[in-house]
Every structure is written in C-alpha cells, then in structure tokens.
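Listing of entry19.cif; format and content: mmCIF, C-alpha atoms.
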data_coords
loop_
_atom_site.group_PDB
_atom_site.id
_atom_site.type_symbol
_atom_site.label_atom_id
_atom_site.label_comp_id
_atom_site.auth_asym_id
_atom_site.auth_seq_id
_atom_site.Cartn_x
_atom_site.Cartn_y
_atom_site.Cartn_z
ATOM 1 C CA MET N 800 0.000 0.000 0.000
ATOM 2 C CA ALA N 801 1.375 3.416 -0.933
ATOM 3 C CA THR N 802 1.697 6.025 1.779
ATOM 4 C CA HIS N 803 3.309 9.430 1.959
ATOM 5 C CA LEU N 804 6.136 9.922 4.444
ATOM 6 C CA LEU N 805 5.764 12.732 6.965
ATOM 7 C CA GLU N 806 8.584 13.223 9.419
ATOM 8 C CA ALA N 807 7.960 14.042 13.063
ATOM 9 C CA PRO N 808 8.407 16.508 14.494
ATOM 10 C CA LEU N 809 6.816 18.424 11.672
ATOM 11 C CA PRO N 810 8.728 21.432 10.359
ATOM 12 C CA HIS N 811 7.375 24.860 11.301
ATOM 13 C CA GLY N 812 5.126 26.324 8.606
ATOM 14 C CA LEU N 813 4.218 22.954 7.107
ATOM 15 C CA PRO N 814 1.821 23.596 4.187
ATOM 16 C CA VAL N 815 -1.473 21.727 4.623
ATOM 17 C CA VAL N 816 -4.908 21.725 3.018
ATOM 18 C CA LEU N 817 -7.933 21.576 5.329
ATOM 19 C CA ASP N 818 -11.194 20.414 3.860
ATOM 20 C CA THR N 819 -14.349 22.288 4.849
ATOM 21 C CA ASN N 820 -15.350 19.820 7.549
ATOM 22 C CA VAL N 821 -11.964 20.184 9.258
ATOM 23 C CA VAL N 822 -12.264 23.985 9.143
ATOM 24 C CA LEU N 823 -15.717 23.680 10.713
ATOM 25 C CA SER N 824 -14.345 21.379 13.409
ATOM 26 C CA LEU N 825 -11.612 23.866 14.267
ATOM 27 C CA TRP N 826 -13.438 27.212 14.097
ATOM 28 C CA MET N 827 -17.193 26.609 14.315
ATOM 29 C CA PHE N 828 -17.438 23.556 16.572
ATOM 30 C CA GLU N 829 -14.133 24.333 18.334
ATOM 31 C CA ASP N 830 -13.582 20.582 18.714
ATOM 32 C CA PRO N 831 -11.770 20.106 22.033
ATOM 33 C CA SER N 832 -9.969 17.040 20.677
ATOM 34 C CA LEU N 833 -8.289 19.281 18.067
ATOM 35 C CA VAL N 834 -7.137 22.152 20.302
ATOM 36 C CA ARG N 835 -3.464 21.524 19.528
ATOM 37 C CA LEU N 836 -4.131 21.426 15.790
ATOM 38 C CA ARG N 837 -5.969 24.753 15.855
ATOM 39 C CA ALA N 838 -3.182 26.270 17.975
ATOM 40 C CA ALA N 839 -0.657 25.032 15.400
ATOM 41 C CA VAL N 840 -2.592 26.764 12.611
ATOM 42 C CA GLU N 841 -3.003 29.969 14.594
ATOM 43 C CA SER N 842 0.688 30.073 15.549
ATOM 44 C CA GLY N 843 1.862 29.461 11.974
ATOM 45 C CA ALA N 844 3.296 26.020 12.771
ATOM 46 C CA LEU N 845 0.900 24.730 10.112
ATOM 47 C CA ARG N 846 0.171 26.890 7.066
ATOM 48 C CA PRO N 847 -3.246 26.224 5.516
ATOM 49 C CA ILE N 848 -3.461 26.546 1.763
ATOM 50 C CA GLY N 849 -6.665 26.998 -0.225
ATOM 51 C CA ARG N 850 -8.291 28.514 -3.270
ATOM 52 C CA GLU N 851 -11.172 30.924 -3.626
ATOM 53 C CA ASP N 852 -13.561 28.082 -4.467
ATOM 54 C CA CYS N 853 -12.621 26.368 -1.186
ATOM 55 C CA LEU N 854 -13.390 29.547 0.739
ATOM 56 C CA ASP N 855 -16.649 29.959 -1.204
ATOM 57 C CA GLU N 856 -17.680 26.473 -0.117
ATOM 58 C CA LEU N 857 -16.887 27.334 3.508
ATOM 59 C CA VAL N 858 -19.087 30.440 3.350
ATOM 60 C CA ARG N 859 -21.906 28.421 1.772
ATOM 61 C CA VAL N 860 -21.705 25.646 4.379
ATOM 62 C CA LEU N 861 -21.521 28.067 7.304
ATOM 63 C CA ALA N 862 -24.924 29.401 6.189
ATOM 64 C CA TYR N 863 -26.630 25.977 6.413
ATOM 65 C CA SER N 864 -29.677 26.343 8.652
ATOM 66 C CA GLN N 865 -28.817 23.264 10.725
ATOM 67 C CA PHE N 866 -25.729 25.036 12.063
ATOM 68 C CA LYS N 867 -27.774 27.937 13.456
ATOM 69 C CA GLN N 868 -24.921 30.422 13.049
ATOM 70 C CA THR N 869 -25.782 34.104 12.943
ATOM 71 C CA PRO N 870 -24.609 35.980 9.852
ATOM 72 C CA GLU N 871 -22.083 37.777 12.066
ATOM 73 C CA ARG N 872 -20.683 34.506 13.403
ATOM 74 C CA GLN N 873 -20.537 33.055 9.878
ATOM 75 C CA ALA N 874 -18.547 36.085 8.723
ATOM 76 C CA GLU N 875 -16.280 35.872 11.770
ATOM 77 C CA ILE N 876 -15.428 32.198 11.152
ATOM 78 C CA ALA N 877 -14.861 32.742 7.425
ATOM 79 C CA ALA N 878 -12.655 35.783 8.110
ATOM 80 C CA ALA N 879 -10.650 33.948 10.792
ATOM 81 C CA TYR N 880 -9.878 31.110 8.406
ATOM 82 C CA ARG N 881 -9.232 33.372 5.410
ATOM 83 C CA ALA N 882 -6.708 35.357 7.478
ATOM 84 C CA ARG N 883 -4.706 32.190 8.104
ATOM 85 C CA CYS N 884 -5.084 30.673 4.636
ATOM 86 C CA HIS N 885 -2.534 31.152 1.872
ATOM 87 C CA LEU N 886 -4.477 31.297 -1.403
ATOM 88 C CA VAL N 887 -3.226 29.720 -4.604
ATOM 89 C CA GLU N 888 -4.545 29.722 -8.159
ATOM 90 C CA ALA N 889 -5.499 26.663 -10.158
ATOM 91 C CA VAL N 890 -2.592 25.347 -12.223
ATOM 92 C CA ASP N 891 -3.104 24.792 -15.939
ATOM 93 C CA PRO N 892 -1.979 22.342 -17.113
ATOM 94 C CA PRO N 893 -1.866 20.346 -13.859
ATOM 95 C CA ALA N 894 1.307 18.526 -12.861
ATOM 96 C CA CYS N 895 -0.535 15.204 -12.978
ATOM 97 C CA GLU N 896 -3.995 13.722 -13.223
ATOM 98 C CA LEU N 897 -5.607 12.889 -9.919
ATOM 99 C CA PRO N 898 -8.114 10.166 -9.147
ATOM 100 C CA ASN N 899 -11.688 11.445 -9.172
ATOM 101 C CA CYS N 900 -13.519 11.925 -5.889
ATOM 102 C CA LEU N 901 -17.009 10.471 -5.819
ATOM 103 C CA ASP N 902 -18.152 13.775 -4.299
ATOM 104 C CA ARG N 903 -17.121 16.381 -6.874
ATOM 105 C CA ASP N 904 -17.039 19.033 -4.133
ATOM 106 C CA ASP N 905 -13.995 17.262 -2.650
ATOM 107 C CA GLN N 906 -11.954 17.282 -5.874
ATOM 108 C CA LYS N 907 -10.816 20.867 -5.391
ATOM 109 C CA PHE N 908 -9.040 19.993 -2.141
ATOM 110 C CA LEU N 909 -6.988 17.303 -3.881
ATOM 111 C CA GLU N 910 -6.150 19.779 -6.638
ATOM 112 C CA VAL N 911 -5.046 22.429 -4.139
ATOM 113 C CA ALA N 912 -2.792 19.926 -2.365
ATOM 114 C CA ARG N 913 -1.276 18.799 -5.666
ATOM 115 C CA ASP N 914 -0.835 22.292 -7.124
ATOM 116 C CA SER N 915 0.463 24.022 -3.992
ATOM 117 C CA GLY N 916 3.080 21.573 -2.804
ATOM 118 C CA ALA N 917 1.142 20.952 0.407
ATOM 119 C CA ARG N 918 2.472 18.032 2.399
ATOM 120 C CA ALA N 919 -0.928 16.919 3.711
ATOM 121 C CA LEU N 920 -4.656 17.142 3.073
ATOM 122 C CA LEU N 921 -6.670 16.832 6.273
ATOM 123 C CA SER N 922 -10.093 15.252 6.011
ATOM 124 C CA ARG N 923 -12.369 12.927 7.940
ATOM 125 C CA ASP N 924 -14.184 11.836 4.766
ATOM 126 C CA LYS N 925 -13.553 8.093 4.370
ATOM 127 C CA LEU N 926 -13.701 8.235 0.572
ATOM 128 C CA VAL N 927 -11.160 11.067 0.466
ATOM 129 C CA LEU N 928 -8.907 9.282 2.968
ATOM 130 C CA LYS N 929 -8.976 6.182 0.773
ATOM 131 C CA LEU N 930 -7.576 8.201 -2.154
ATOM 132 C CA GLY N 931 -4.394 8.764 -0.141
ATOM 133 C CA ARG N 932 -3.404 5.186 -0.940
ATOM 134 C CA ARG N 933 -3.369 5.835 -4.674
ATOM 135 C CA PRO N 934 0.265 6.009 -5.874
ATOM 136 C CA VAL N 935 -0.212 9.282 -7.775
ATOM 137 C CA VAL N 936 -1.450 10.927 -4.555
ATOM 138 C CA ALA N 937 0.870 9.176 -2.108
ATOM 139 C CA ALA N 938 3.888 10.287 -4.140
ATOM 140 C CA ARG N 939 2.939 13.940 -3.554
ATOM 141 C CA PHE N 940 1.119 14.407 -0.232
ATOM 142 C CA ALA N 941 -0.532 12.563 2.632
ATOM 143 C CA ILE N 942 -4.276 12.431 3.121
ATOM 144 C CA LEU N 943 -5.055 11.852 6.753
ATOM 145 C CA PRO N 944 -7.524 12.688 9.507
ATOM 146 C CA PRO N 945 -6.724 15.816 11.516
ATOM 147 C CA GLU N 946 -6.179 13.740 14.657
ATOM 148 C CA ARG N 947 -3.327 11.885 12.983
ATOM 149 C CA LEU N 948 -1.528 15.049 11.968
ATOM 150 C CA GLN N 949 -2.092 16.528 15.412
ATOM 151 C CA ALA N 950 -0.297 13.479 16.880
ATOM 152 C CA LEU N 951 2.765 14.434 14.804
ATOM 153 C CA LEU N 952 3.003 17.969 16.166
ATOM 154 C CA PRO N 953 6.395 18.798 17.754
ATOM 155 C CA ASP N 954 6.041 17.245 21.188
ATOM 156 C CA SER N 955 5.151 13.821 19.756
ATOM 157 C CA GLY N 956 8.773 12.730 19.187
ATOM 158 C CA ASP N 957 11.380 13.091 16.523
ATOM 159 C CA ALA N 958 11.568 9.729 14.800
ATOM 160 C CA PRO N 959 10.377 9.693 11.183
ATOM 161 C CA GLN N 960 6.976 8.065 10.888
ATOM 162 C CA LYS N 961 5.145 6.664 7.931
ATOM 163 C CA ILE N 962 1.460 7.531 7.869
ATOM 164 C CA ASN N 963 -0.540 4.350 7.337
ATOM 165 C CA LEU N 964 -4.002 5.171 6.081
ATOM 166 C CA ALA N 965 -5.338 1.606 6.220
#
Please render this file's structure as structure tokens.
Amino acid sequence: MATHLLEAPLPHGLPVVLDTNVVLSLWMFEDPSLVRLRAAVESGALRPIGREDCLDELVRVLAYSQFKQTPERQAEIAAAYRARCHLVEAVDPPACELPNCLDRDDQKFLEVARDSGARALLSRDKLVLKLGRRPVVAARFAILPPERLQALLPDSGDAPQKINLA
C-alpha cells in the first residue's frame, strides 16, 4: 500500500490543506480534541493553503440552517480562516492527473494539495482518505484525519513516521 512519508516533528510552517469539515471542526465547533491542531494553525506552525472556491464552499456551508450560526458569526469564522489561509490559483496544465472523488465538491481539495506543494490534506471523509493510498497521490502528499496530523506535532517525538491510512 502506498503512503506518503511525513517526518515528526513536523517542520514549522508545514503547508497543509484543510477540507471544509476540518475547518468547521476547528473554528465553528471548536472541537476540544483538536485544540493543539488549531493552535498550530493559529501560531503558523501549520500553514493552511486553499483557493477561492474552497473559501466559497466554507461560506456556503456556514450558512446551512442546521448550524444555526448568525450571519455575524458566519462572517467571523470565514474571516478567521481566510486570514490564516494562503491562497493559490489553479494550475493549468496540472502537474498530474488525480483520481476522481465520488463527491465532486472534494476534488478541489486534492487539486489544491497537488498544485500548492502541500504536504498533507486533512479530512475525515472516508472516501477522500482512501484516495491517499493511490500512488499518484501518495507520491505527492498525505491524506489523513486531523487527529493523525495533530499526533505528529512537535512534542510527539522526533523519529520519522510513515502515515498508514489503512
């Protein structure tokens, strides 16, 4: 099975892509199990990378009625993430073809990771995580749940680790 190697401790400023659900976990739900990950983003230890279409999706999802977020809170969350996110443009032609996500809304996150040189794409989506085993993806970046990357943050040791997505 192909996996992407990430060394621990992670270098400061590691470029990562956060899918919308991870952003929601960090800034809207303020998931207590991901406090160290959010602190790493806010301190610059991790550098989120995105595109305008990723931010547009975040704004759209924040407005879902089931989340019961006021327009002010929606704007606050979107602004907080945008302030930390390094935006890139789509690359044409792309460096390589990627496998297709079953959910077309997830494809852009793979493209951002590929085109930006990000070392990891953080997602909890099982179908997205499965794509991390594809050789064309594994050769370029890791796809892993946010909890797994959080475990690699500086105080977790300094031996190189291979991320196993099985």
Excluding Asp904 in chain N and residues on its chain fewer than 5 positions from it, collect all residues at most 12 Å away from it, counting only C-alpha atoms, and give them as a PDB file with C-alpha atoms, in the coordinates of the input.
ATOM      1  CA  ASP N 818     -11.194  20.414   3.860  1.00  0.00           C
ATOM      2  CA  THR N 819     -14.349  22.288   4.849  1.00  0.00           C
ATOM      3  CA  ASN N 820     -15.350  19.820   7.549  1.00  0.00           C
ATOM      4  CA  ASP N 852     -13.561  28.082  -4.467  1.00  0.00           C
ATOM      5  CA  CYS N 853     -12.621  26.368  -1.186  1.00  0.00           C
ATOM      6  CA  ASP N 855     -16.649  29.959  -1.204  1.00  0.00           C
ATOM      7  CA  GLU N 856     -17.680  26.473  -0.117  1.00  0.00           C
ATOM      8  CA  LEU N 857     -16.887  27.334   3.508  1.00  0.00           C
ATOM      9  CA  VAL N 860     -21.705  25.646   4.379  1.00  0.00           C
ATOM     10  CA  ASN N 899     -11.688  11.445  -9.172  1.00  0.00           C
ATOM     11  CA  LEU N 909      -6.988  17.303  -3.881  1.00  0.00           C
ATOM     12  CA  GLU N 910      -6.150  19.779  -6.638  1.00  0.00           C
ATOM     13  CA  ASP N 924     -14.184  11.836   4.766  1.00  0.00           C
ATOM     14  CA  VAL N 927     -11.160  11.067   0.466  1.00  0.00           C
TER      15      VAL N 927
END
Q: To verify the selection step, state as a ChimeraX atom specification which residues the PyMOL selection byres ((chain N and resi 938) around 12) yields on this input.
A: /N:800-805,895,897,912-913,916-919,930-937,939-942
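If you measure from each of N:Ala889, N:Ala844, N:Leu833, N:Tyr880 to Phe908 in chain N using only C-alpha atoms, the closest one turns out to be N:Ala889.
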Q) In Å, with one decimal, what is the gap from CA of Arg859 in chain N to CA of Glu896 in chain N? A) 27.6 Å
Q. With distances taken over only C-alpha atoms, which of N:Glu806, N:Asp830, N:Glu841, N:Glu851 is nearest to Leu886 in chain N?
A. N:Glu851
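Compared by their closest atoms to Val890 in chain N, and using all atoms listed in the file, the residues N:Gln906, N:Gln873, N:Ser824, N:Ser915 rank with N:Ser915 nearest.
With CA of Pro893 in chain N on one side and CA of Lys907 in chain N on the other, the separation reads 12.3 Å.
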Near-Pro810 in chain N list (12 Å; all atoms listed in the file; drop same-chain fewer than 3 positions) as a short mmCIF file (atom, residue, chain, number, x, y, z; two decimals) with C-alpha atoms, keeping the file's coordinate frame:
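Written out: out-v2.cif:
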data_model
loop_
_atom_site.label_atom_id
_atom_site.label_comp_id
_atom_site.auth_asym_id
_atom_site.auth_seq_id
_atom_site.Cartn_x
_atom_site.Cartn_y
_atom_site.Cartn_z
CA LEU N 805 5.76 12.73 6.96
CA GLU N 806 8.58 13.22 9.42
CA ALA N 807 7.96 14.04 13.06
CA LEU N 813 4.22 22.95 7.11
CA PRO N 814 1.82 23.60 4.19
CA VAL N 815 -1.47 21.73 4.62
CA ALA N 839 -0.66 25.03 15.40
CA GLY N 843 1.86 29.46 11.97
CA ALA N 844 3.30 26.02 12.77
CA LEU N 845 0.90 24.73 10.11
CA ARG N 846 0.17 26.89 7.07
CA ARG N 918 2.47 18.03 2.40
CA LEU N 951 2.76 14.43 14.80
CA LEU N 952 3.00 17.97 16.17
CA PRO N 953 6.40 18.80 17.75
CA ASP N 954 6.04 17.24 21.19
CA ASP N 957 11.38 13.09 16.52
CA PRO N 959 10.38 9.69 11.18
#
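Ranking N:Val840, N:Trp826, N:Leu809, N:Ser922 by their shortest atom-to-atom distance to Gln868 in chain N, with only C-alpha atoms included, puts N:Trp826 first.
Of the listed residues (N:Arg850, N:Val821, N:Ala877, N:Pro945), N:Ala877 comes nearest to Ala862 in chain N; the distances count all atoms listed in the file.
The coordinates place CA of Ala878 in chain N at 24.9 Å from CA of Arg903 in chain N.
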Q. Which of these, N:Val911, N:Ile848, N:Val834, N:Leu817, has the shortest distance to Arg923 in chain N once you count all atoms listed in the file?
A. N:Leu817
Could you give me the centre and size, in Å to one decimal, of an axis-aligned box around all listed atoms of range 894-899 of chain N with 5 Å added on every side, as JSON?
{"center_x": -5.2, "center_y": 14.3, "center_z": -11.2, "size_x": 23.0, "size_y": 18.4, "size_z": 14.1}
